[in-house]
Amino acid sequence: MTTSLPEMPTPPKVLLTRMRDDNQALKTQLQSRGIAVLELPTAELRARSTDPTTQIDSLSSIAALAFTSPHAVRFFGKQAEIAAWQSAGGLLAAVGQATAGALAPLVVDVQAPSATGAQLASQLAAVLPAGSAVGHPCAGHARPELGVGLRHAGIRYLPWPCYDNVMPTPPTASELVKVSGVDAVYLAAPSAADRLLSWAPTLRDTPLVCIGPTTAAHLQARHGVRATAVAKDPSRASVEAAIITALRRHDPQAGDQMNPKSAALFDRAQQVTPGGVHSPVRAFGSVPGDPIFFSSAAGSEVTDADGKVYTDLCMSWGPLILGHADGDVVSAVVDAASHGLSFGACHAGEVELASLIVSAFDGFDQCRFVSSGTEAVMTAIRLARGITGRPLIVKFEGGYHGHSDGLLVKAGSGLVTAVEGDTEPSSAGVPAAIASATLQVPFADLAAVEALFKAHPEDIAAVILEPMPANNGLLLQQPEFLAGLRRLTADHGSLLIFDEVISGFRVGWGGYGKLVDIQPDLVTLGKVIGGGMPVGAVVGPKALMEQLAPMGPVYQAGTLSGNPVSMAAGLATLNKLSDSAIYERLEALGQRVEDRIAAANRSWPQVQRQGSLFWLYLDDGPLPADADAISQTHVARFKELHGQLLAAGFYVPPSAYEVMFLSAAHTAAQLDQFVDAVLAHTAD
């Protein structure tokens, strides 16, 4: 599958401004696509003449060696010395996959995501004693956040400049003439942008692709130009896709921009909002292009700011099971709003919706409303700890349960790390002490959970999971695995929490646990129960729920909890869903998508589905049951397919890991057209 180039009178030309060594693989790939490549480096790297380790200390005097760029690896050298030092107990650390790859065959001991020197500092501080030293091979300017984080932890930070990033000789007039007519420009850092636009100001009107949101924001703030940002430490495929998207935007047949009003709104948004969005996945960070801004929606369709209409298969990430602006839901919301937007006090709507929700769960008696799924999970975790008097929580790799501190963690390597409790935060700002109270194990590995209970027999308060994981692909689990978790938690006096923020009332009346005949101790809900308005809930038996304040010692509160407008929207939605005919229709629509793709008789795409939500998997082989099994082939193919589906009139989540949602407002004809578009753009 390939993204088609626009039809242009001559082959499109792309200007690469990174250093020539960095450009080579991308240059070869673009040329293989019929794209003419010009180069105009905006920086040169020059090795320092002195050995950096003689400037301050030798390798033998440091506990760790931290690399934050592949260039530092190249100019520092000393692979043999590093290997000997590492075998003697030295710790090798790196930021980003590219840096770790440059160090091969050396094995990196501590690795942080790209461009997160602060996180690398946090990870090193967790394993190094105060007073130890970290050497940092770097350019003439050291990475400030790494040094600040290490010094804050009482660790000596030793920057070792081994190369300099210098301005090259400005291009000649003839060189500038050659690049003046390019169709797209790829550049890296803010300094590169400044140099390029000072040399060739006319390029400000050319589609720009840059590395990272920082460079994009700099271009907008200083030069008043808009650029498409690819992630830090980008793959060649993601850069290539972004460049081709930029070329398509510059296609004379299509005009300079595909969505000019959305583009203008995004420019404004980036000035007043981090990244221009209020939830990161909306930023199109893992697909080419920029976010689309919507102006209205009805039924199964959304209309963007430029007046383009799309069939929506995101549906606000799941809540809109009846479709956008369902007449009964809107009427209920308008009526509630006319009587007051918020009371901050008790009202009948809370009682009615809570009663309807608990009636859908056998053995559950009570419901506590909050304002989001994150808040619901946070409350359930606190309640479990309060009930058991135990500190630890077990979650599963790839499982997302909102952005509360204690659940933004990832394990070390495998079960051994998890059993030892050596978890680490996956976000800056989460103290290691909080992360260490959450243990993480692989999905579908009951033996790993059992090992945790053996290692911590009196310390685990609860095991939490999505029984139908749908936040990192749709990773359907075997009922036997869920039954095993029920047995283990019961045997050890721990609680089993089902996070059904996505699946609750989406796959059927009540929760997914009912479908597999497994009763957890607590269930968290959100999305569908608010009918499109903000809401979350914890439900469970009275004996557990009454441990919440004001009845019990576990505190929870919220000014807008039980908001009357949200309650009205949720009540109108669930009243309609109590008619099983809607779920039967949704199942039929989902089956139609699944059957039509299967009928194509291809090795890929494949469909993983449960009821009215499904996941397109763009690779062959078994469908993944855990996050590690999701192939990079799938991810790369989705990056291309996403833009093609948008062009065909289908709005889908801008991530290869997110599921798609159907609603009662979708039609068979719309879904047939969607499948046709998928198959047309996924031919081998």
# chains A, B, ... in the order shown; residues from 1 in each chain; ligands from 1
$ residues_around --residues "Gly131 (chain A)" --least-positions-apart "3" --cutoff "9 Å" --atoms "only C-alpha atoms" --output "JSON list (two decimals) with N, CA, C and O atoms, in the first residue's frame"
[["chain", "number", "residue", "atom", "x", "y", "z"],
["A", 128, "LEU", "N", 20.46, 5.33, 41.01],
["A", 128, "LEU", "CA", 21.80, 5.75, 41.41],
["A", 128, "LEU", "C", 21.77, 6.38, 42.80],
["A", 128, "LEU", "O", 20.86, 7.15, 43.12],
["A", 153, "ALA", "N", 18.42, 15.62, 42.38],
["A", 153, "ALA", "CA", 18.47, 14.35, 43.11],
["A", 153, "ALA", "C", 19.80, 14.15, 43.83],
["A", 153, "ALA", "O", 20.05, 13.07, 44.38],
["A", 154, "GLY", "N", 20.66, 15.15, 43.81],
["A", 154, "GLY", "CA", 21.93, 15.04, 44.50],
["A", 154, "GLY", "C", 22.97, 14.26, 43.73],
["A", 154, "GLY", "O", 23.93, 13.73, 44.32],
["A", 155, "ILE", "N", 22.82, 14.17, 42.42],
["A", 155, "ILE", "CA", 23.75, 13.43, 41.57],
["A", 155, "ILE", "C", 24.60, 14.43, 40.78],
["A", 155, "ILE", "O", 24.08, 15.42, 40.23],
["A", 156, "ARG", "N", 25.89, 14.18, 40.70],
["A", 156, "ARG", "CA", 26.80, 15.07, 39.96],
["A", 156, "ARG", "C", 26.54, 14.92, 38.46],
["A", 156, "ARG", "O", 26.49, 13.82, 37.93]]
$ residues_around --residues "Gly562 (chain A)" --least-positions-apart "6" --cutoff "7 Å" --atoms "only C-alpha atoms" --output "list in words"
Glu350, Phe369 and Val370 of chain A
$ write_last_selection --atoms "all heavy atoms" --output "compact mmCIF listing (two decimals), in the first residue's frame"
# COMPACT_ATOMS: atom_id res chain seq x y z
N GLU A 350 -30.30 12.51 39.59
CA GLU A 350 -29.26 11.62 40.11
C GLU A 350 -29.85 10.28 40.54
O GLU A 350 -29.30 9.21 40.25
CB GLU A 350 -28.57 12.25 41.32
CG GLU A 350 -27.84 13.55 41.06
CD GLU A 350 -27.40 14.20 42.36
OE1 GLU A 350 -28.22 14.31 43.30
OE2 GLU A 350 -26.23 14.60 42.44
N PHE A 369 -21.65 9.00 41.31
CA PHE A 369 -21.32 9.73 40.10
C PHE A 369 -20.12 10.65 40.32
O PHE A 369 -19.96 11.26 41.39
CB PHE A 369 -22.50 10.58 39.63
CG PHE A 369 -23.62 9.77 39.03
CD1 PHE A 369 -24.89 9.78 39.61
CD2 PHE A 369 -23.40 9.00 37.90
CE1 PHE A 369 -25.92 9.05 39.06
CE2 PHE A 369 -24.43 8.25 37.35
CZ PHE A 369 -25.70 8.27 37.93
N VAL A 370 -19.30 10.75 39.27
CA VAL A 370 -18.20 11.70 39.20
C VAL A 370 -18.28 12.37 37.82
O VAL A 370 -19.28 12.21 37.13
CB VAL A 370 -16.84 11.00 39.42
CG1 VAL A 370 -16.71 10.52 40.86
CG2 VAL A 370 -16.66 9.83 38.46
$ residues_around --residues "region 341-346 of chain A" --least-positions-apart "3" --cutoff "6 Å" --atoms "only C-alpha atoms" --output "list of chain:residue names"
A:Ala337, A:Thr559, A:Asn563
$ write_last_selection --atoms "N, CA and C atoms" --output "PDB file, in the first residue's frame"
ATOM      1  N   ALA A 337     -31.465  21.977  31.122  1.00  0.00           N
ATOM      2  CA  ALA A 337     -30.738  23.248  31.171  1.00  0.00           C
ATOM      3  C   ALA A 337     -31.664  24.420  31.464  1.00  0.00           C
ATOM      4  N   THR A 559     -17.666  19.018  42.842  1.00  0.00           N
ATOM      5  CA  THR A 559     -18.642  20.093  42.713  1.00  0.00           C
ATOM      6  C   THR A 559     -19.707  19.772  41.670  1.00  0.00           C
ATOM      7  N   ASN A 563     -24.172  16.350  37.848  1.00  0.00           N
ATOM      8  CA  ASN A 563     -24.680  17.549  37.182  1.00  0.00           C
ATOM      9  C   ASN A 563     -26.023  17.254  36.500  1.00  0.00           C
TER      10      ASN A 563
END
$ atom_distance --atom1 "CA of Ser60 (chain A)" --atom2 "CA of Ala133 (chain A)"
10.4 Å
$ select_by_dssp --residues "region 598-672 of chain A" --states "alpha helix (DSSP H)" --output "ChimeraX atom specification"
/A:598-599,632-647,668-672
$ select_by_dssp --residues "region 6-250 of chain A" --states "strand (DSSP E or B)" --output "PyMOL selection string"
chain A and resi 13-16+36-39+44-47+64-67+91-95+110-112+133-139+156-166+184-187+208-211+227-230
$ residues_around --residues "region 223-225 of chain A" --least-positions-apart "4" --cutoff "9 Å" --atoms "only C-alpha atoms" --output "list in words"
Asp194, Leu197, Arg204, Asp205, Leu208, Ala216, His218, Leu219 and Asp267 of chain A
$ write_last_selection --atoms "N, CA, C and O atoms" --output "PDB file, in the first residue's frame"
ATOM      1  N   ASP A 194      15.242  29.248  11.438  1.00  0.00           N
ATOM      2  CA  ASP A 194      15.684  30.639  11.382  1.00  0.00           C
ATOM      3  C   ASP A 194      16.707  30.850  10.263  1.00  0.00           C
ATOM      4  O   ASP A 194      16.630  31.820   9.499  1.00  0.00           O
ATOM      5  N   LEU A 197      15.037  30.431   6.624  1.00  0.00           N
ATOM      6  CA  LEU A 197      14.157  31.519   6.207  1.00  0.00           C
ATOM      7  C   LEU A 197      14.885  32.852   6.109  1.00  0.00           C
ATOM      8  O   LEU A 197      14.412  33.767   5.440  1.00  0.00           O
ATOM      9  N   ARG A 204       8.882  30.564   3.052  1.00  0.00           N
ATOM     10  CA  ARG A 204       7.845  30.634   4.082  1.00  0.00           C
ATOM     11  C   ARG A 204       6.471  30.300   3.501  1.00  0.00           C
ATOM     12  O   ARG A 204       5.550  29.928   4.224  1.00  0.00           O
ATOM     13  N   ASP A 205       6.323  30.430   2.189  1.00  0.00           N
ATOM     14  CA  ASP A 205       5.047  30.129   1.541  1.00  0.00           C
ATOM     15  C   ASP A 205       4.977  28.688   1.039  1.00  0.00           C
ATOM     16  O   ASP A 205       3.989  28.293   0.405  1.00  0.00           O
ATOM     17  N   LEU A 208       5.797  23.266   4.955  1.00  0.00           N
ATOM     18  CA  LEU A 208       6.939  22.898   5.786  1.00  0.00           C
ATOM     19  C   LEU A 208       6.591  21.685   6.644  1.00  0.00           C
ATOM     20  O   LEU A 208       5.498  21.603   7.207  1.00  0.00           O
ATOM     21  N   ALA A 216       7.479  23.589  15.421  1.00  0.00           N
ATOM     22  CA  ALA A 216       6.277  24.108  14.774  1.00  0.00           C
ATOM     23  C   ALA A 216       5.790  25.379  15.463  1.00  0.00           C
ATOM     24  O   ALA A 216       5.411  26.359  14.805  1.00  0.00           O
ATOM     25  N   HIS A 218       7.600  27.459  17.197  1.00  0.00           N
ATOM     26  CA  HIS A 218       8.578  28.515  16.920  1.00  0.00           C
ATOM     27  C   HIS A 218       8.331  29.128  15.542  1.00  0.00           C
ATOM     28  O   HIS A 218       8.379  30.358  15.384  1.00  0.00           O
ATOM     29  N   LEU A 219       8.079  28.305  14.553  1.00  0.00           N
ATOM     30  CA  LEU A 219       7.811  28.808  13.217  1.00  0.00           C
ATOM     31  C   LEU A 219       6.585  29.712  13.196  1.00  0.00           C
ATOM     32  O   LEU A 219       6.566  30.757  12.538  1.00  0.00           O
ATOM     33  N   ASP A 267      -3.868  27.118  13.922  1.00  0.00           N
ATOM     34  CA  ASP A 267      -2.834  28.125  14.159  1.00  0.00           C
ATOM     35  C   ASP A 267      -3.171  28.950  15.401  1.00  0.00           C
ATOM     36  O   ASP A 267      -2.310  29.200  16.253  1.00  0.00           O
TER      37      ASP A 267
END
$ closest_residue --among "A:Ile244, A:Leu623, A:Val394, A:Leu476" --to "Arg33 (chain A)" --atoms "only C-alpha atoms"
A:Ile244
$ atom_distance --atom1 "CA of Val652 (chain A)" --atom2 "CA of Arg592 (chain A)"
17.8 Å
$ closest_residue --among "A:Ala598, A:Ala188, A:Ile292, A:Ala269" --to "Lys308 (chain A)" --atoms "only C-alpha atoms"
A:Ile292
$ closest_residue --among "A:Tyr651, A:Thr169, A:Gly147, A:Val179" --to "Thr42 (chain A)" --atoms "only C-alpha atoms"
A:Thr169
$ residues_around --residues "Cys210 (chain A)" --least-positions-apart "6" --cutoff "7 Å" --atoms "only C-alpha atoms" --output "compact mmCIF listing (two decimals) with N, CA, C and O atoms, in the first residue's frame"
# COMPACT_ATOMS: atom_id res chain seq x y z
N TYR A 186 11.69 20.02 4.46
CA TYR A 186 11.78 19.25 5.71
C TYR A 186 12.94 19.82 6.52
O TYR A 186 14.08 19.89 6.05
N LEU A 187 12.63 20.27 7.74
CA LEU A 187 13.66 20.84 8.60
C LEU A 187 13.49 20.34 10.02
O LEU A 187 12.50 19.68 10.36
N ALA A 188 14.50 20.64 10.85
CA ALA A 188 14.52 20.05 12.19
C ALA A 188 14.27 21.10 13.26
O ALA A 188 13.13 21.42 13.59
N ALA A 216 7.48 23.59 15.42
CA ALA A 216 6.28 24.11 14.77
C ALA A 216 5.79 25.38 15.46
O ALA A 216 5.41 26.36 14.81
N ALA A 227 3.57 24.81 10.10
CA ALA A 227 4.30 23.62 9.66
C ALA A 227 3.60 22.38 10.19
O ALA A 227 2.95 22.41 11.24
N THR A 228 3.75 21.28 9.47
CA THR A 228 3.27 19.98 9.95
C THR A 228 4.38 19.36 10.79
O THR A 228 5.50 19.19 10.31
N ALA A 229 4.08 19.05 12.03
CA ALA A 229 5.09 18.51 12.94
C ALA A 229 5.00 16.99 13.00
O ALA A 229 3.91 16.44 13.14
N VAL A 230 6.13 16.32 12.86
CA VAL A 230 6.21 14.89 13.13
C VAL A 230 6.83 14.71 14.51
O VAL A 230 7.46 15.62 15.05
$ residues_around --residues "Thr573 (chain A)" --least-positions-apart "5" --cutoff "10 Å" --atoms "only C-alpha atoms" --output "PyMOL selection string"
chain A and resi 319-322+326+328-329+332+528-532+567-568+578
